[in-house]
$ cat my_file_11.txt   # compact mmCIF, C-alpha atoms and all ligand atoms
# COMPACT_ATOMS: atom_id res chain seq x y z
CA MET A 1 -19.28 -11.67 17.79
CA ALA A 2 -20.94 -11.68 14.39
CA ASP A 3 -22.39 -15.18 14.01
CA ARG A 4 -24.37 -16.73 11.13
CA SER A 5 -24.02 -13.47 9.28
CA PRO A 6 -24.57 -13.26 5.51
CA VAL A 7 -21.30 -11.36 5.27
CA TRP A 8 -18.59 -13.12 3.26
CA HIS A 9 -15.24 -11.80 4.51
CA PRO A 10 -12.10 -11.23 2.41
CA PHE A 11 -9.05 -13.45 3.00
CA HIS A 12 -11.00 -15.33 5.64
CA GLN A 13 -11.73 -19.07 5.79
CA HIS A 14 -15.22 -19.17 7.28
CA GLY A 15 -14.97 -22.96 7.53
CA LEU A 16 -12.50 -22.71 10.40
CA GLY A 17 -15.18 -21.13 12.57
CA GLU A 18 -12.91 -18.44 13.97
CA ALA A 19 -14.67 -15.73 15.94
CA ILE A 20 -15.16 -12.47 14.07
CA PRO A 21 -14.84 -9.43 16.36
CA LEU A 22 -17.45 -6.71 16.01
CA VAL A 23 -15.95 -3.24 16.25
CA THR A 24 -18.24 -0.39 17.19
CA ARG A 25 -15.86 2.54 17.50
CA ALA A 26 -12.23 3.54 17.02
CA GLU A 27 -9.94 6.29 18.16
CA GLY A 28 -6.24 6.78 17.53
CA ALA A 29 -4.58 3.36 17.54
CA ALA A 30 -7.45 1.70 19.44
CA LEU A 31 -10.42 -0.33 18.26
CA TYR A 32 -13.33 -0.84 20.66
CA THR A 33 -15.43 -4.00 20.36
CA ASP A 34 -19.06 -4.63 21.27
CA ASP A 35 -17.91 -6.80 24.18
CA GLY A 36 -16.10 -3.86 25.73
CA ARG A 37 -12.52 -4.54 24.72
CA ARG A 38 -9.88 -2.03 23.67
CA VAL A 39 -7.77 -3.65 20.94
CA ILE A 40 -4.58 -2.08 19.58
CA ASP A 41 -4.71 -1.80 15.80
CA ALA A 42 -1.04 -2.69 15.29
CA ILE A 43 -1.40 -3.12 11.51
CA SER A 44 -3.24 0.16 10.82
CA SER A 45 -6.36 -1.72 9.69
CA TRP A 46 -4.37 -3.34 6.89
CA TRP A 47 -1.85 -0.57 6.29
CA VAL A 48 -4.27 2.29 5.69
CA THR A 49 -4.61 4.27 8.94
CA THR A 50 -1.70 6.71 9.17
CA HIS A 51 -2.35 9.44 11.79
CA GLY A 52 -4.87 7.36 13.74
CA HIS A 53 -8.53 6.35 13.54
CA ASN A 54 -11.26 9.01 13.53
CA HIS A 55 -8.79 11.85 13.28
CA PRO A 56 -10.74 14.97 14.34
CA ARG A 57 -9.53 17.15 11.46
CA ILE A 58 -10.37 14.53 8.84
CA MET A 59 -13.75 13.69 10.36
CA GLN A 60 -14.62 17.38 10.55
CA ALA A 61 -13.77 17.85 6.85
CA VAL A 62 -15.97 14.88 5.98
CA ARG A 63 -18.88 16.28 8.01
CA GLU A 64 -18.56 19.68 6.33
CA GLN A 65 -18.40 18.20 2.84
CA THR A 66 -21.51 16.07 3.38
CA GLU A 67 -23.46 19.32 3.84
CA LYS A 68 -22.48 20.48 0.34
CA LEU A 69 -21.99 17.84 -2.35
CA ASP A 70 -22.17 14.07 -2.01
CA GLN A 71 -21.27 12.71 -5.43
CA LEU A 72 -20.76 13.96 -8.97
CA ILE A 73 -20.09 12.44 -12.39
CA PHE A 74 -16.41 13.19 -13.02
CA ALA A 75 -16.28 12.76 -16.81
CA GLY A 76 -16.09 16.37 -17.96
CA TRP A 77 -17.45 17.79 -14.65
CA THR A 78 -15.49 18.89 -11.63
CA HIS A 79 -15.77 20.09 -8.01
CA GLU A 80 -13.70 22.10 -5.59
CA PRO A 81 -12.47 19.25 -3.32
CA ALA A 82 -10.98 17.42 -6.33
CA GLU A 83 -9.40 20.57 -7.78
CA THR A 84 -7.90 21.51 -4.41
CA LEU A 85 -6.64 17.98 -3.85
CA ALA A 86 -5.07 17.66 -7.30
CA ARG A 87 -3.25 20.99 -6.85
CA GLY A 88 -2.14 19.99 -3.36
CA LEU A 89 -0.82 16.63 -4.54
CA VAL A 90 1.14 18.14 -7.43
CA GLU A 91 2.67 20.55 -4.91
CA ILE A 92 3.63 18.02 -2.23
CA MET A 93 4.70 15.11 -4.47
CA PRO A 94 7.99 15.04 -6.45
CA GLU A 95 8.27 17.46 -9.34
CA GLY A 96 7.48 15.95 -12.73
CA LEU A 97 4.06 14.45 -11.96
CA PRO A 98 1.72 17.30 -12.96
CA HIS A 99 -1.37 15.19 -13.79
CA VAL A 100 -3.70 13.49 -11.33
CA PHE A 101 -6.16 10.74 -12.26
CA PHE A 102 -8.61 9.64 -9.56
CA SER A 103 -9.94 6.18 -8.73
CA ASP A 104 -11.02 4.47 -5.53
CA SER A 105 -8.60 1.78 -4.39
CA GLY A 106 -4.97 0.77 -4.64
CA SER A 107 -5.86 -1.96 -7.12
CA THR A 108 -7.64 0.47 -9.42
CA ALA A 109 -4.77 2.97 -9.12
CA VAL A 110 -2.50 0.19 -10.37
CA GLU A 111 -4.89 -0.83 -13.17
CA VAL A 112 -5.00 2.81 -14.24
CA ALA A 113 -1.19 2.98 -14.20
CA LEU A 114 -0.95 -0.09 -16.45
CA LYS A 115 -3.54 1.33 -18.85
CA MET A 116 -1.75 4.69 -18.92
CA ALA A 117 1.54 2.97 -19.74
CA LEU A 118 0.10 0.84 -22.52
CA GLY A 119 -1.99 3.76 -23.80
CA TYR A 120 1.16 5.87 -23.96
CA TRP A 121 2.93 3.42 -26.27
CA HIS A 122 -0.23 2.64 -28.27
CA ASN A 123 -1.00 6.30 -28.96
CA ARG A 124 2.58 6.86 -30.04
CA GLY A 125 2.27 3.95 -32.46
CA GLU A 126 5.01 1.91 -30.82
CA ASP A 127 4.68 -1.80 -30.21
CA ARG A 128 5.50 -2.10 -26.51
CA ALA A 129 3.09 -3.98 -24.28
CA ARG A 130 5.18 -6.16 -21.98
CA VAL A 131 5.17 -5.38 -18.26
CA LEU A 132 8.10 -6.15 -15.96
CA VAL A 133 7.54 -6.83 -12.28
CA LEU A 134 9.64 -7.53 -9.22
CA GLU A 135 9.61 -11.02 -7.72
CA HIS A 136 7.43 -11.28 -4.54
CA SER A 137 5.42 -8.17 -5.50
CA TYR A 138 1.84 -7.43 -4.53
CA HIS A 139 -0.21 -4.81 -6.37
CA GLY A 140 -3.81 -5.72 -5.55
CA ASP A 141 -6.47 -8.33 -6.20
CA THR A 142 -8.17 -7.28 -9.43
CA ILE A 143 -7.22 -9.33 -12.50
CA GLY A 144 -4.61 -6.93 -13.87
CA ALA A 145 -3.12 -6.27 -10.43
CA MET A 146 -2.98 -10.01 -9.74
CA SER A 147 -1.29 -10.58 -13.09
CA ILE A 148 1.63 -8.37 -12.09
CA GLY A 149 1.87 -9.81 -8.58
CA GLU A 150 3.49 -12.90 -7.14
CA ARG A 151 1.77 -16.11 -8.24
CA GLY A 152 0.78 -18.49 -5.48
CA VAL A 153 -2.03 -20.20 -3.60
CA PHE A 154 -3.99 -16.92 -3.48
CA ASN A 155 -4.39 -16.69 -7.27
CA ARG A 156 -3.88 -20.24 -8.56
CA ALA A 157 -7.58 -20.73 -9.36
CA TYR A 158 -7.61 -17.65 -11.56
CA GLU A 159 -4.39 -18.34 -13.45
CA ALA A 160 -6.23 -18.70 -16.77
CA LEU A 161 -7.25 -15.04 -16.54
CA LEU A 162 -3.80 -13.66 -15.73
CA PHE A 163 -1.56 -12.17 -18.42
CA ASP A 164 2.09 -12.99 -18.88
CA VAL A 165 4.72 -10.67 -17.39
CA GLY A 166 8.50 -10.62 -17.09
CA THR A 167 9.74 -11.17 -13.54
CA VAL A 168 12.91 -9.54 -12.22
CA PRO A 169 14.47 -11.42 -9.28
CA PHE A 170 14.12 -9.71 -5.90
CA PRO A 171 17.25 -7.64 -5.14
CA ALA A 172 18.57 -9.67 -2.23
CA LYS A 173 21.86 -9.04 -0.39
CA ASP A 174 23.73 -8.95 -3.70
CA PRO A 175 21.41 -6.93 -5.95
CA GLN A 176 23.59 -7.20 -9.08
CA PRO A 177 21.87 -10.29 -10.60
CA SER A 178 18.54 -8.51 -10.20
CA LEU A 179 19.82 -5.31 -11.85
CA ASP A 180 21.43 -7.34 -14.67
CA ALA A 181 18.14 -9.18 -15.28
CA LEU A 182 16.27 -5.87 -15.43
CA GLU A 183 18.81 -4.43 -17.86
CA ALA A 184 18.59 -7.49 -20.13
CA ALA A 185 14.78 -7.50 -20.12
CA CYS A 186 14.60 -3.76 -20.84
CA ALA A 187 17.06 -4.13 -23.74
CA ASN A 188 14.53 -6.34 -25.55
CA GLY A 189 12.69 -3.25 -26.76
CA ASP A 190 9.20 -4.69 -26.17
CA VAL A 191 8.82 -3.52 -22.56
CA ALA A 192 6.18 -0.87 -21.84
CA ALA A 193 6.79 -0.46 -18.12
CA PHE A 194 8.43 -1.76 -14.96
CA ILE A 195 6.35 -1.56 -11.78
CA VAL A 196 7.83 -1.69 -8.27
CA GLU A 197 6.91 -1.31 -4.63
CA PRO A 198 9.69 1.10 -3.60
CA LEU A 199 11.98 -0.06 -0.73
CA LEU A 200 9.40 -2.27 0.99
CA LEU A 201 7.40 -5.17 -0.47
CA GLY A 202 4.33 -5.60 1.73
CA ALA A 203 2.20 -8.65 1.09
CA GLY A 204 5.20 -10.49 -0.35
CA GLY A 205 6.50 -10.79 3.21
CA MET A 206 7.67 -7.33 4.34
CA LEU A 207 10.87 -7.56 2.30
CA THR A 208 13.17 -4.55 2.14
CA TYR A 209 15.85 -3.40 -0.27
CA LEU A 210 18.14 -0.38 -0.40
CA PRO A 211 17.46 3.06 -1.89
CA GLU A 212 20.61 2.71 -4.06
CA VAL A 213 19.03 -0.32 -5.72
CA LEU A 214 15.79 1.57 -6.35
CA ALA A 215 17.78 4.45 -7.89
CA GLU A 216 19.72 2.05 -10.10
CA MET A 217 16.50 0.30 -11.26
CA ARG A 218 15.03 3.68 -12.16
CA ALA A 219 18.20 4.62 -14.10
CA ILE A 220 18.13 1.37 -16.07
CA CYS A 221 14.50 2.00 -17.10
CA ALA A 222 15.33 5.57 -18.13
CA ARG A 223 18.22 4.34 -20.31
CA HIS A 224 15.84 2.06 -22.22
CA ASP A 225 12.80 4.37 -22.33
CA VAL A 226 10.90 1.89 -20.17
CA LEU A 227 8.23 3.63 -18.09
CA PHE A 228 8.89 3.39 -14.35
CA ILE A 229 5.78 2.92 -12.22
CA ALA A 230 6.07 3.35 -8.45
CA ASP A 231 3.30 1.61 -6.52
CA GLU A 232 3.43 3.63 -3.28
CA VAL A 233 -0.04 2.49 -2.22
CA MET A 234 1.42 1.10 1.01
CA THR A 235 4.81 2.83 1.20
CA GLY A 236 3.43 6.34 0.62
CA TRP A 237 2.34 8.83 3.29
CA GLY A 238 5.28 8.35 5.61
CA ARG A 239 5.24 4.59 6.08
CA THR A 240 8.94 4.20 5.20
CA GLY A 241 10.04 7.30 7.14
CA THR A 242 9.63 9.85 4.33
CA LEU A 243 6.48 11.08 2.59
CA LEU A 244 7.31 8.77 -0.32
CA ALA A 245 9.76 5.88 -0.29
CA CYS A 246 11.03 7.11 -3.70
CA GLU A 247 12.38 10.28 -2.03
CA GLN A 248 15.04 8.25 -0.23
CA ALA A 249 16.45 7.28 -3.62
CA ASN A 250 15.89 10.68 -5.21
CA VAL A 251 13.67 8.94 -7.73
CA THR A 252 10.76 10.44 -9.63
CA PRO A 253 8.69 7.79 -11.35
CA ASP A 254 6.84 8.30 -14.65
CA ILE A 255 3.68 7.10 -12.93
CA LEU A 256 2.91 7.10 -9.20
CA CYS A 257 0.11 5.14 -7.49
CA LEU A 258 -1.27 6.34 -4.14
CA ALA A 259 -4.22 5.09 -2.08
CA LYS A 260 -4.42 3.74 1.51
CA GLY A 261 -3.00 6.75 3.46
CA LEU A 262 -4.20 9.30 0.89
CA THR A 263 -7.22 10.07 3.08
CA GLY A 264 -5.28 9.26 6.25
CA GLY A 265 -6.84 5.86 5.75
CA SER A 266 -10.35 7.08 6.50
CA MET A 267 -12.09 6.84 3.13
CA PRO A 268 -11.62 4.87 -0.10
CA LEU A 269 -9.77 7.05 -2.58
CA ALA A 270 -6.80 6.60 -4.91
CA VAL A 271 -4.83 8.60 -7.42
CA THR A 272 -2.51 7.74 -10.26
CA MET A 273 -0.17 10.66 -10.94
CA ALA A 274 1.49 10.91 -14.34
CA SER A 275 4.33 12.71 -16.09
CA ASP A 276 3.49 15.27 -18.75
CA ALA A 277 4.73 12.89 -21.47
CA ILE A 278 2.12 10.29 -20.46
CA TYR A 279 -0.62 12.94 -20.48
CA GLN A 280 0.52 14.42 -23.80
CA ALA A 281 0.37 10.98 -25.46
CA HIS A 282 -3.38 11.01 -24.72
CA TYR A 283 -3.92 14.72 -25.45
CA SER A 284 -5.36 15.23 -28.91
CA THR A 285 -8.39 16.42 -30.88
CA ASP A 286 -8.79 12.74 -31.74
CA ARG A 287 -11.39 11.28 -29.36
CA SER A 288 -10.02 7.75 -29.86
CA LYS A 289 -6.90 8.82 -27.92
CA MET A 290 -8.67 9.88 -24.70
CA PHE A 291 -7.97 7.86 -21.56
CA PHE A 292 -10.67 5.21 -21.46
CA HIS A 293 -11.14 4.59 -17.76
CA SER A 294 -13.67 5.53 -15.13
CA SER A 295 -15.52 4.15 -12.15
CA SER A 296 -18.75 5.44 -10.69
CA PHE A 297 -17.19 7.06 -7.64
CA THR A 298 -14.14 8.60 -9.33
CA ALA A 299 -12.99 11.54 -7.15
CA ASN A 300 -15.95 11.30 -4.79
CA PRO A 301 -16.20 14.76 -3.15
CA VAL A 302 -16.46 13.47 0.43
CA CYS A 303 -13.40 11.25 -0.03
CA CYS A 304 -11.52 14.16 -1.62
CA ALA A 305 -12.41 16.34 1.38
CA ALA A 306 -10.90 13.70 3.68
CA ALA A 307 -7.74 13.66 1.55
CA ASN A 308 -7.53 17.46 1.64
CA ALA A 309 -7.65 17.31 5.45
CA ASN A 310 -4.87 14.72 5.36
CA LEU A 311 -2.77 17.04 3.18
CA ALA A 312 -3.39 19.89 5.62
CA ILE A 313 -2.17 17.68 8.48
CA TRP A 314 0.99 16.90 6.49
CA ARG A 315 1.55 20.58 5.74
CA GLU A 316 0.82 21.96 9.20
CA GLU A 317 1.75 19.29 11.75
CA PRO A 318 5.12 17.66 12.57
CA VAL A 319 4.11 14.35 10.98
CA LEU A 320 7.67 13.37 10.03
CA ASP A 321 8.82 13.94 13.64
CA ARG A 322 6.07 11.64 14.92
CA ILE A 323 7.10 9.05 12.35
CA ALA A 324 10.78 9.32 13.35
CA SER A 325 9.89 8.92 17.02
CA LEU A 326 7.68 5.90 16.35
CA SER A 327 10.35 4.40 14.11
CA ASP A 328 12.95 4.69 16.92
CA ARG A 329 10.64 3.10 19.49
CA LEU A 330 9.63 0.26 17.16
CA GLY A 331 13.32 -0.25 16.36
CA ALA A 332 14.09 -0.62 20.07
CA MET A 333 11.33 -3.23 20.40
CA LEU A 334 12.69 -5.12 17.38
CA ALA A 335 16.21 -5.05 18.86
CA ARG A 336 14.92 -6.62 22.09
CA LEU A 337 12.98 -9.30 20.20
CA GLY A 338 15.93 -9.88 17.88
CA GLU A 339 18.00 -11.17 20.79
CA ARG A 340 15.88 -14.33 20.83
CA ASP A 341 17.14 -17.44 19.02
CA ASP A 342 13.76 -18.00 17.39
CA VAL A 343 13.69 -14.54 15.80
CA THR A 344 15.47 -14.27 12.43
CA ASN A 345 15.73 -11.85 9.49
CA ALA A 346 14.79 -8.81 11.56
CA ARG A 347 13.95 -5.89 9.23
CA HIS A 348 12.98 -2.32 9.89
CA CYS A 349 11.77 0.28 7.43
CA GLY A 350 10.27 3.49 8.82
CA THR A 351 7.22 2.57 10.89
CA MET A 352 7.31 -1.10 9.88
CA VAL A 353 9.23 -3.74 11.80
CA ALA A 354 9.20 -7.44 10.89
CA PHE A 355 10.95 -10.70 11.63
CA ASP A 356 10.58 -14.37 10.78
CA VAL A 357 9.83 -16.94 13.45
CA ALA A 358 12.33 -19.79 13.11
CA VAL A 359 10.00 -22.74 12.58
CA ALA A 360 10.04 -25.60 10.05
CA ASP A 361 6.56 -24.75 8.77
CA GLN A 362 6.90 -21.66 6.55
CA GLY A 363 5.05 -19.86 3.76
CA TYR A 364 1.76 -18.00 3.56
CA LEU A 365 -0.37 -20.89 4.83
CA ALA A 366 1.96 -21.76 7.72
CA GLU A 367 -0.16 -22.89 10.70
CA ILE A 368 1.80 -20.69 13.05
CA GLY A 369 0.21 -17.58 11.47
CA PRO A 370 -3.39 -18.11 12.67
CA ARG A 371 -2.16 -19.52 15.99
CA LEU A 372 -0.18 -16.38 16.72
CA ARG A 373 -3.01 -14.17 15.45
CA SER A 374 -5.47 -15.58 17.97
CA HIS A 375 -2.84 -15.45 20.73
CA PHE A 376 -2.30 -11.74 19.99
CA TYR A 377 -6.03 -11.04 19.86
CA ALA A 378 -6.51 -12.68 23.24
CA ARG A 379 -4.05 -10.04 24.50
CA ASP A 380 -6.00 -7.21 22.84
CA VAL A 381 -3.52 -6.71 20.02
CA MET A 382 -4.50 -6.96 16.36
CA LEU A 383 -1.63 -8.41 14.35
CA ARG A 384 -1.88 -10.58 11.25
CA PRO A 385 1.32 -12.54 10.59
CA LEU A 386 2.11 -13.34 6.96
CA GLY A 387 2.86 -17.04 7.37
CA ASN A 388 5.78 -17.19 9.80
CA THR A 389 6.55 -13.49 9.32
CA VAL A 390 5.39 -11.32 12.20
CA TYR A 391 5.24 -7.61 11.44
CA VAL A 392 4.02 -4.47 13.18
CA MET A 393 2.85 -1.46 11.14
CA PRO A 394 0.85 0.79 13.46
CA PRO A 395 -0.70 4.25 13.14
CA TYR A 396 1.79 7.04 13.89
CA CYS A 397 0.03 7.95 17.17
CA LEU A 398 0.95 4.68 18.93
CA THR A 399 1.90 5.37 22.57
CA ASP A 400 4.68 3.84 24.67
CA ASP A 401 2.09 1.91 26.68
CA ASP A 402 0.64 0.51 23.46
CA ILE A 403 4.11 -0.54 22.28
CA ALA A 404 4.74 -2.28 25.60
CA GLN A 405 1.49 -4.18 25.16
CA VAL A 406 2.39 -5.18 21.59
CA ASP A 407 5.87 -6.22 22.74
CA ALA A 408 4.45 -8.35 25.58
CA ALA A 409 1.92 -10.01 23.25
CA ILE A 410 4.63 -10.90 20.72
CA THR A 411 7.02 -12.14 23.40
CA SER A 412 4.43 -14.41 25.00
CA GLY A 413 3.36 -15.54 21.52
CA LEU A 414 6.90 -16.61 20.72
CA ASP A 415 7.14 -18.36 24.10
CA MET A 416 3.90 -20.20 23.29
CA VAL A 417 5.30 -21.36 19.92
CA ALA A 418 8.62 -22.38 21.50
CA ALA A 419 6.84 -24.40 24.20
CA SER A 420 4.76 -26.41 21.71
C1 LIG B 501 -2.80 -2.76 -0.58
C2 LIG B 501 -1.97 -2.61 -1.82
C3 LIG B 501 -2.56 -2.49 -3.09
C4 LIG B 501 -4.04 -2.65 -3.29
O1 LIG B 501 -4.75 -1.64 -2.68
P1 LIG B 501 -6.31 -1.84 -2.38
O2 LIG B 501 -6.79 -0.52 -1.93
O3 LIG B 501 -6.39 -2.91 -1.34
O4 LIG B 501 -6.95 -2.28 -3.66
C5 LIG B 501 -1.75 -2.26 -4.17
N1 LIG B 501 -0.42 -2.15 -4.03
C6 LIG B 501 0.20 -2.26 -2.84
C7 LIG B 501 1.67 -2.12 -2.75
C8 LIG B 501 -0.56 -2.53 -1.70
O5 LIG B 501 0.05 -2.68 -0.51

$ encode --input "my_file_11.txt" --output "structure tokens"
Amino acid sequence: MADRSPVWHPFHQHGLGEAIPLVTRAEGAALYTDDGRRVIDAISSWWVTTHGHNHPRIMQAVREQTEKLDQLIFAGWTHEPAETLARGLVEIMPEGLPHVFFSDSGSTAVEVALKMALGYWHNRGEDRARVLVLEHSYHGDTIGAMSIGERGVFNRAYEALLFDVGTVPFPAKDPQPSLDALEAACANGDVAAFIVEPLLLGAGGMLTYLPEVLAEMRAICARHDVLFIADEVMTGWGRTGTLLACEQANVTPDILCLAKGLTGGSMPLAVTMASDAIYQAHYSTDRSKMFFHSSSFTANPVCCAAANANLAIWREEPVLDRIASLSDRLGAMLARLGERDDVTNARHCGTMVAFDVAVADQGYLAEIGPRLRSHFYARDVMLRPLGNTVYVMPPYCLTDDDIAQVDAAITSGLDMVAAS
């Protein structure tokens, strides 16, 4: 256990004195701690690890790249791993996104998307700067990303820094009011872009909606020339059952954000892919129209090498079959759990299953969350309920034995809650 450490952890209340496990090694879906435990990483280390930890092909690519080039300024310079990756992404992602801009996290991929959208309208001399968002969305923790996300306890202190956006109601069972609200907002003529998490809203509580709704939202934006931004930072790389969630709705966005699973979850890297129209709005002999964004580690060669290995895995291995198999097995677990009276709103999207625990105390700060988390950890399972929502989102290599262990931990956790 890391005690009296100078480390200040994210989304962690140090004042509660909870033990902080020290992980020394990982392999597949397992984390190994310094006190000799094998813990199942049932949330893919916060939704990033796709194929499994320390994937041999990805680690090998990283080792090889470190022998050649560690880091390079990317403004007007280039390197082979980035060129290969950009070509590979254009090939594997939906047609119509021929330009790839690199950054290093999901939040920065989203910030870049917003700047591209506003830059597009600015460079065309049109006065459109309003951003539309979906209720309950999460797009990251930087100021811009927070501005377009759900407001709540996690950003109340910073409200003065957040810009105003238009919020479209979440498309619940009857999506029509949501679609009507989007149509009305788009018709105003001042909207630059609409940003969505396709099919599955993560941090907002693992909320799902149908591909038909996503397709209709995209069509509404197209009718009103509103740019459609798909934040596939979490949903991308197979999480929802297909490479991209957008595929299930036959949707190509104007701007696509990818991060988390881009390197198989092994290294920090992100891309924002853009339509040719977005690129052309910045393309000019006029230097004032260039895209004004960079960060020090843009397209870091070692991270790009990891992403190239991930792409090779997608091209050469039956990744979608593994995902389908995992999805079936997680679905069977959810069906068993769903028979309980205290399990409600069961939802399943690809390799994510979630349900709400029927308790009076709900919301992000619900006490039941940390109680269940420590119960699960005591049973060597890492899960992090969102308030009273329990979800499982494991790496695709999870075994049947691992699933049985996760199932048993959740079942005894629910029994513990019911008994208290
Ligand atoms: C995690 C996430 C982000 C932020 O990504 P980071 O790499 O944590 O900055 C953005 N959008 C969505 C949908 C996410 O799930």

$ residues_near_ligand --input "my_file_11.txt" --ligand "ligand LIG 501 (chain B)" --cutoff "7 Å" --atoms "all atoms listed in the file" --output "count of residues only"
19

$ closest_residue --input "my_file_11.txt" --among "A:Ala75, A:Ala29, A:Met93, A:Ala157" --to "Leu311 in chain A" --atoms "all atoms listed in the file"
A:Met93

$ closest_residue --input "my_file_11.txt" --among "A:Leu199, A:Ala404, A:Met217, A:Ile143" --to "Leu330 in chain A" --atoms "only C-alpha atoms"
A:Ala404

$ residues_around --input "my_file_11.txt" --residues "Arg57 in chain A" --least-positions-apart "2" --cutoff "8 Å" --atoms "all atoms listed in the file" --output "VMD selection string"
chain A and resid 55 59 to 61 309 313

$ residues_around --input "my_file_11.txt" --residues "Gly241 in chain A" --least-positions-apart "2" --cutoff "9 Å" --atoms "only C-alpha atoms" --output "ChimeraX atom specification"
/A:237-239,243-245,248,320,323-324,327,349-351

$ closest_atom_pairs --input "my_file_11.txt" --of "range 285-372 of chain A" --to "range 62-68 of chain A" --cutoff "8 Å" --atoms "all atoms listed in the file" --output "tab-separated table"
residue	atom	partner	partner_atom	distance
A:Pro301	CA	A:Gln65	CA	7.2
A:Val302	CA	A:Gln65	CA	5.7
A:Cys303	CA	A:Val62	CA	7.5
A:Ala305	CA	A:Val62	CA	6.0
A:Ala306	CA	A:Val62	CA	5.7

$ residues_around --input "my_file_11.txt" --residues "range 163-174 of chain A" --least-positions-apart "4" --cutoff "6 Å" --atoms "all atoms listed in the file" --output "JSON list (two decimals) with C-alpha atoms, in the coordinates of the input"
[["chain", "number", "residue", "atom", "x", "y", "z"],
["A", 131, "VAL", "CA", 5.17, -5.38, -18.26],
["A", 132, "LEU", "CA", 8.10, -6.15, -15.96],
["A", 133, "VAL", "CA", 7.54, -6.83, -12.28],
["A", 134, "LEU", "CA", 9.64, -7.53, -9.22],
["A", 135, "GLU", "CA", 9.61, -11.02, -7.72],
["A", 147, "SER", "CA", -1.29, -10.58, -13.09],
["A", 178, "SER", "CA", 18.54, -8.51, -10.20],
["A", 182, "LEU", "CA", 16.27, -5.87, -15.43]]

$ closest_atom_pairs --input "my_file_11.txt" --of "range 153-183 of chain A" --to "range 221-226 of chain A" --cutoff "12 Å" --atoms "all atoms listed in the file" --output "CSV"
residue,atom,partner,partner_atom,distance
A:Leu179,CA,A:Cys221,CA,10.5
A:Asp180,CA,A:Cys221,CA,11.9
A:Ala181,CA,A:Cys221,CA,11.9
A:Leu182,CA,A:Cys221,CA,8.2
A:Glu183,CA,A:Cys221,CA,7.8

$ residues_near_point --input "my_file_11.txt" --point "(2.0, 1.0, -15.3)" --cutoff "9 Å" --atoms "all atoms listed in the file" --output "ChimeraX atom specification"
/A:110-118,131,192-195,227-231,254-256
